[in-house]
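Data file: entry.tsv. Format and content: TSV, C-alpha atoms.
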chain	number	residue	atom	x	y	z
A	1	MET	CA	21.91	8.80	-10.13
A	2	GLN	CA	21.44	6.53	-7.09
A	3	LEU	CA	21.43	9.59	-4.83
A	4	GLY	CA	18.70	11.20	-6.95
A	5	ILE	CA	16.54	8.08	-6.80
A	6	GLY	CA	17.00	7.86	-3.03
A	7	ARG	CA	15.95	11.48	-2.62
A	8	ALA	CA	12.91	10.98	-4.84
A	9	VAL	CA	11.87	7.88	-2.89
A	10	GLY	CA	12.34	9.76	0.39
A	11	TRP	CA	10.22	12.65	-0.90
A	12	MET	CA	7.49	10.22	-2.03
A	13	ARG	CA	7.51	8.50	1.35
A	14	ARG	CA	7.08	11.82	3.14
A	15	ARG	CA	4.20	12.84	0.85
A	16	ALA	CA	2.56	9.45	1.34
A	17	GLN	CA	2.89	9.93	5.08
A	18	ASN	CA	1.23	13.37	4.74
A	19	ILE	CA	-1.61	11.91	2.66
A	20	VAL	CA	-2.15	9.02	5.08
A	21	ALA	CA	-2.20	11.42	8.03
A	22	GLY	CA	-4.73	13.62	6.23
A	23	LEU	CA	-6.93	10.63	5.42
A	24	LEU	CA	-6.79	9.52	9.04
A	25	GLY	CA	-7.99	13.00	9.98
A	26	VAL	CA	-10.83	12.73	7.46
A	27	MET	CA	-11.84	9.39	8.97
A	28	PHE	CA	-11.80	10.84	12.48
A	29	VAL	CA	-13.93	13.85	11.53
A	30	ALA	CA	-16.38	11.62	9.63
A	31	PHE	CA	-16.60	9.35	12.67
A	32	LEU	CA	-17.33	12.31	14.97
A	33	LEU	CA	-19.95	13.68	12.57
A	34	GLN	CA	-21.61	10.29	12.43
A	35	ILE	CA	-21.83	10.17	16.24
A	36	VAL	CA	-23.14	13.74	16.52
A	37	PHE	CA	-25.78	13.31	13.85
A	38	ARG	CA	-26.92	9.90	15.06
A	39	TYR	CA	-27.01	10.45	18.82
A	40	PHE	CA	-27.52	14.19	19.24
A	41	PHE	CA	-29.79	14.99	16.30
A	42	ASN	CA	-31.32	11.51	15.91
A	43	LEU	CA	-30.52	11.78	12.20
A	44	PRO	CA	-28.40	8.86	10.98
A	45	ILE	CA	-26.30	9.71	7.94
A	46	GLY	CA	-24.65	7.17	5.65
A	47	TRP	CA	-22.16	9.26	3.74
A	48	THR	CA	-19.82	9.44	6.74
A	49	SER	CA	-19.52	5.66	6.83
A	50	GLU	CA	-18.85	5.54	3.09
A	51	LEU	CA	-16.25	8.29	3.39
A	52	SER	CA	-14.52	6.38	6.19
A	53	VAL	CA	-14.35	3.20	4.10
A	54	ILE	CA	-12.93	5.12	1.12
A	55	ALA	CA	-10.37	6.86	3.33
A	56	TRP	CA	-9.37	3.49	4.83
A	57	LEU	CA	-8.95	1.97	1.37
A	58	TYR	CA	-6.76	4.83	0.19
A	59	MET	CA	-4.76	4.88	3.45
A	60	THR	CA	-4.01	1.18	3.17
A	61	LEU	CA	-3.01	1.17	-0.49
A	62	ILE	CA	-1.06	4.44	-0.50
A	63	GLY	CA	0.68	3.52	2.74
A	64	SER	CA	1.60	0.05	1.49
A	65	ALA	CA	2.79	1.27	-1.88
A	66	PHE	CA	4.71	4.40	-0.96
A	67	TRP	CA	5.27	4.67	2.77
A	68	LEU	CA	6.18	1.26	4.16
A	69	LYS	CA	9.78	0.25	3.84
A	70	GLU	CA	10.71	-3.24	2.75
A	71	HIS	CA	11.74	-4.38	6.23
A	72	GLU	CA	8.48	-3.08	7.76
A	73	GLU	CA	6.25	-5.38	5.73
A	74	VAL	CA	4.78	-8.55	7.16
A	75	ARG	CA	7.03	-11.47	6.26
A	76	PHE	CA	7.17	-15.18	6.62
A	77	ASP	CA	10.91	-15.62	6.84
A	78	LEU	CA	11.11	-18.86	8.79
A	79	ILE	CA	13.36	-20.39	6.14
A	80	SER	CA	15.12	-17.39	4.61
A	81	ALA	CA	16.13	-16.00	8.01
A	82	ARG	CA	18.27	-19.10	8.58
A	83	LEU	CA	20.13	-18.79	5.29
A	84	LYS	CA	23.49	-17.22	4.60
A	85	PRO	CA	23.55	-13.92	2.62
A	86	ARG	CA	23.81	-15.69	-0.75
A	87	GLY	CA	20.80	-17.91	0.07
A	88	ARG	CA	18.80	-14.88	1.21
A	89	ARG	CA	19.65	-13.19	-2.09
A	90	VAL	CA	18.43	-16.20	-4.10
A	91	VAL	CA	15.20	-16.43	-2.10
A	92	GLY	CA	14.75	-12.65	-2.34
A	93	ILE	CA	15.16	-12.73	-6.12
A	94	ALA	CA	12.66	-15.59	-6.41
A	95	VAL	CA	10.09	-13.83	-4.22
A	96	ALA	CA	10.54	-10.48	-5.98
A	97	ALA	CA	10.34	-12.11	-9.42
A	98	ALA	CA	7.16	-13.91	-8.38
A	99	ALA	CA	5.61	-10.66	-7.15
A	100	VAL	CA	6.52	-8.85	-10.39
A	101	ALA	CA	5.20	-11.73	-12.49
A	102	LEU	CA	1.94	-12.11	-10.58
A	103	PHE	CA	1.13	-8.41	-10.39
A	104	GLY	CA	2.19	-8.02	-14.03
A	105	MET	CA	-0.02	-10.89	-15.18
A	106	ALA	CA	-2.95	-9.53	-13.20
A	107	MET	CA	-2.57	-5.97	-14.52
A	108	PRO	CA	-4.55	-6.33	-17.78
A	109	ALA	CA	-7.52	-7.92	-16.01
A	110	THR	CA	-7.28	-5.38	-13.19
A	111	TRP	CA	-7.28	-2.54	-15.71
A	112	LYS	CA	-10.31	-3.98	-17.52
A	113	TYR	CA	-12.23	-4.50	-14.29
A	114	VAL	CA	-11.53	-1.01	-12.97
A	115	ALA	CA	-12.50	0.47	-16.36
A	116	PHE	CA	-15.69	-1.62	-16.35
A	117	MET	CA	-16.67	-0.16	-12.97
A	118	LYS	CA	-17.44	3.19	-14.61
A	119	VAL	CA	-21.04	2.01	-14.88
A	120	GLU	CA	-21.43	2.05	-11.08
A	121	SER	CA	-21.07	4.75	-8.47
A	122	SER	CA	-20.85	4.76	-4.70
A	123	SER	CA	-24.13	4.78	-2.79
A	124	TYR	CA	-24.00	8.11	-0.96
A	125	LEU	CA	-21.18	10.19	-2.40
A	126	LYS	CA	-21.94	9.19	-6.03
A	127	ILE	CA	-18.26	8.77	-6.92
A	128	ARG	CA	-17.78	6.63	-10.03
A	129	LEU	CA	-16.26	3.33	-8.95
A	130	ASP	CA	-13.64	3.33	-11.70
A	131	VAL	CA	-12.30	6.61	-10.33
A	132	LEU	CA	-12.57	5.35	-6.78
A	133	TYR	CA	-10.79	2.04	-7.36
A	134	SER	CA	-8.15	3.35	-9.74
A	135	ILE	CA	-5.94	3.66	-6.65
A	136	TYR	CA	-5.45	-0.11	-6.85
A	137	ILE	CA	-3.77	0.27	-10.26
A	138	VAL	CA	-1.42	2.86	-8.76
A	139	PHE	CA	-0.73	0.45	-5.88
A	140	ALA	CA	-0.05	-2.50	-8.20
A	141	LEU	CA	2.31	-0.46	-10.39
A	142	ALA	CA	4.17	0.81	-7.32
A	143	ILE	CA	4.59	-2.76	-6.06
A	144	VAL	CA	5.97	-3.88	-9.43
A	145	VAL	CA	8.46	-0.99	-9.45
A	146	ARG	CA	9.42	-1.68	-5.83
A	147	TYR	CA	10.16	-5.34	-6.52
A	148	LEU	CA	11.97	-4.60	-9.78
A	149	GLY	CA	14.22	-2.34	-7.70
A	150	ALA	CA	14.64	-5.13	-5.17
A	151	ILE	CA	15.69	-7.52	-7.96
A	152	VAL	CA	18.28	-5.01	-9.19
A	153	ASN	CA	19.70	-4.61	-5.68
A	154	LEU	CA	19.77	-8.36	-5.08
A	155	VAL	CA	21.44	-9.10	-8.42
A	156	ARG	CA	24.06	-6.45	-7.63
A	157	GLY	CA	24.93	-8.40	-4.50
A	158	LYS	CA	23.05	-6.59	-1.76
A	159	ALA	CA	21.62	-9.34	0.42
A	160	PRO	CA	18.49	-8.68	2.48
A	161	PRO	CA	19.40	-7.95	6.09
A	162	GLU	CA	19.43	-10.83	8.53
A	163	ALA	CA	16.27	-10.97	10.62
A	164	ASP	CA	16.89	-9.63	14.12
A	165	ILE	CA	13.83	-9.99	16.32
A	166	THR	CA	15.35	-7.72	18.96
A	167	LYS	CA	15.14	-4.77	16.56
A	168	VAL	CA	11.65	-5.42	15.17
A	169	SER	CA	8.83	-3.38	16.62
A	170	SER	CA	5.23	-4.47	16.90
A	171	ALA	CA	4.08	-0.83	16.94
A	172	LEU	CA	2.34	-1.37	20.26
So that I can check it, write out the structure of this file as structure tokens.
Amino acid sequence: MQLGIGRAVGWMRRRAQNIVAGLLGVMFVAFLLQIVFRYFFNLPIGWTSELSVIAWLYMTLIGSAFWLKEHEEVRFDLISARLKPRGRRVVGIAVAAAAVALFGMAMPATWKYVAFMKVESSSYLKIRLDVLYSIYIVFALAIVVRYLGAIVNLVRGKAPPEADITKVSSAL
């Protein structure tokens, strides 16, 4: 079963990477169109800016929820990095439980707010805002599932890896 879950997660990460790459392409084309229309035709258009913002929102949330691996996330591990494996497990369980609890407690209000946004639509593209912002619900659910999985791994005895700053990349 573990092998099947790993394969499914790998498949989802690859699809998220494909979606993020496609959205980056959409942003680039919208940016070029905005330049061409504004400076060559002297006809400013607003929908390209709105499309870029929407693509950025979706890129960020899809990438964070499905593409980034646990060790690639921004962390403040000043204390936990100095702990032994058992201490890192305890801190990891506490952090994961807090994330699950906070996202779980926020979910009903998030759902209500996104549902309420059906009365509004975006300025240029006329996309209903409940449809547009429903990606946040997907993101929040994915984070809850991710941290529930982290709790299971930590309880089973798998300690988070020790921080090694020589192996961390800044992506520069």
Pairwise distance, CA of Gly46 in chain A with CA of Lys118 in chain A, equals 21.9 Å
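One finds CA of Ser134 in chain A at 28.3 Å from CA of Ala94 in chain A.
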One-decimal distance in Å that lies between CA of Ala101 in chain A and CA of Met117 in chain A = 24.7 Å
Compile the contact shell of Ile5 in chain A as a PyMOL selection string: residues with an atom at most 12 Å away, counting only C-alpha atoms, same-chain residues fewer than 6 positions apart removed.
-> chain A and resi 11-12+149
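Residue nearest Ala99 in chain A, chosen from A:Ile127, A:Leu141, A:Leu132, A:Ala115 and counting all atoms listed in the file: A:Leu141.
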Nearby residues (all atoms listed in the file) at most 9 Å from Ile143 in chain A, same-chain spacing under 4 positions excluded, as a count of residues only | 10
List the neighbours of range 67-71 of chain A out to 7 Å using all atoms listed in the file; skip same-chain residues closer than 3 positions along the sequence, and give me the result as a PyMOL selection string.
-> chain A and resi 13+16-17+63-64
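Nearest-residue note for Val29 in chain A: choosing from A:Gly104, A:Arg146, A:Ala55, A:Ala140, the minimum distance belongs to A:Ala55, counting all atoms listed in the file.
Counting all atoms listed in the file and comparing A:Arg89, A:Arg128, A:Arg15, A:Lys112, the residue that lies closest to Val155 in chain A is A:Arg89.
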For Leu23 in chain A, which residue among A:Ile62, A:Phe41, A:Gly4, A:Val36 is the nearest when counting all atoms listed in the file?
-> A:Ile62
Please provide as a list in words all residues within 12 Å of Val91 in chain A, with the sequence filter that same-chain residues fewer than 6 positions apart are discarded (counting all atoms listed in the file).
-> Phe76, Asp77, Leu78, Ile79, Ser80, Ala81, Arg82, Leu83, Lys84, Pro85, Ala97, Ala98, Ala150, Ile151, Leu154, Val155, Ala159 and Pro160 of chain A
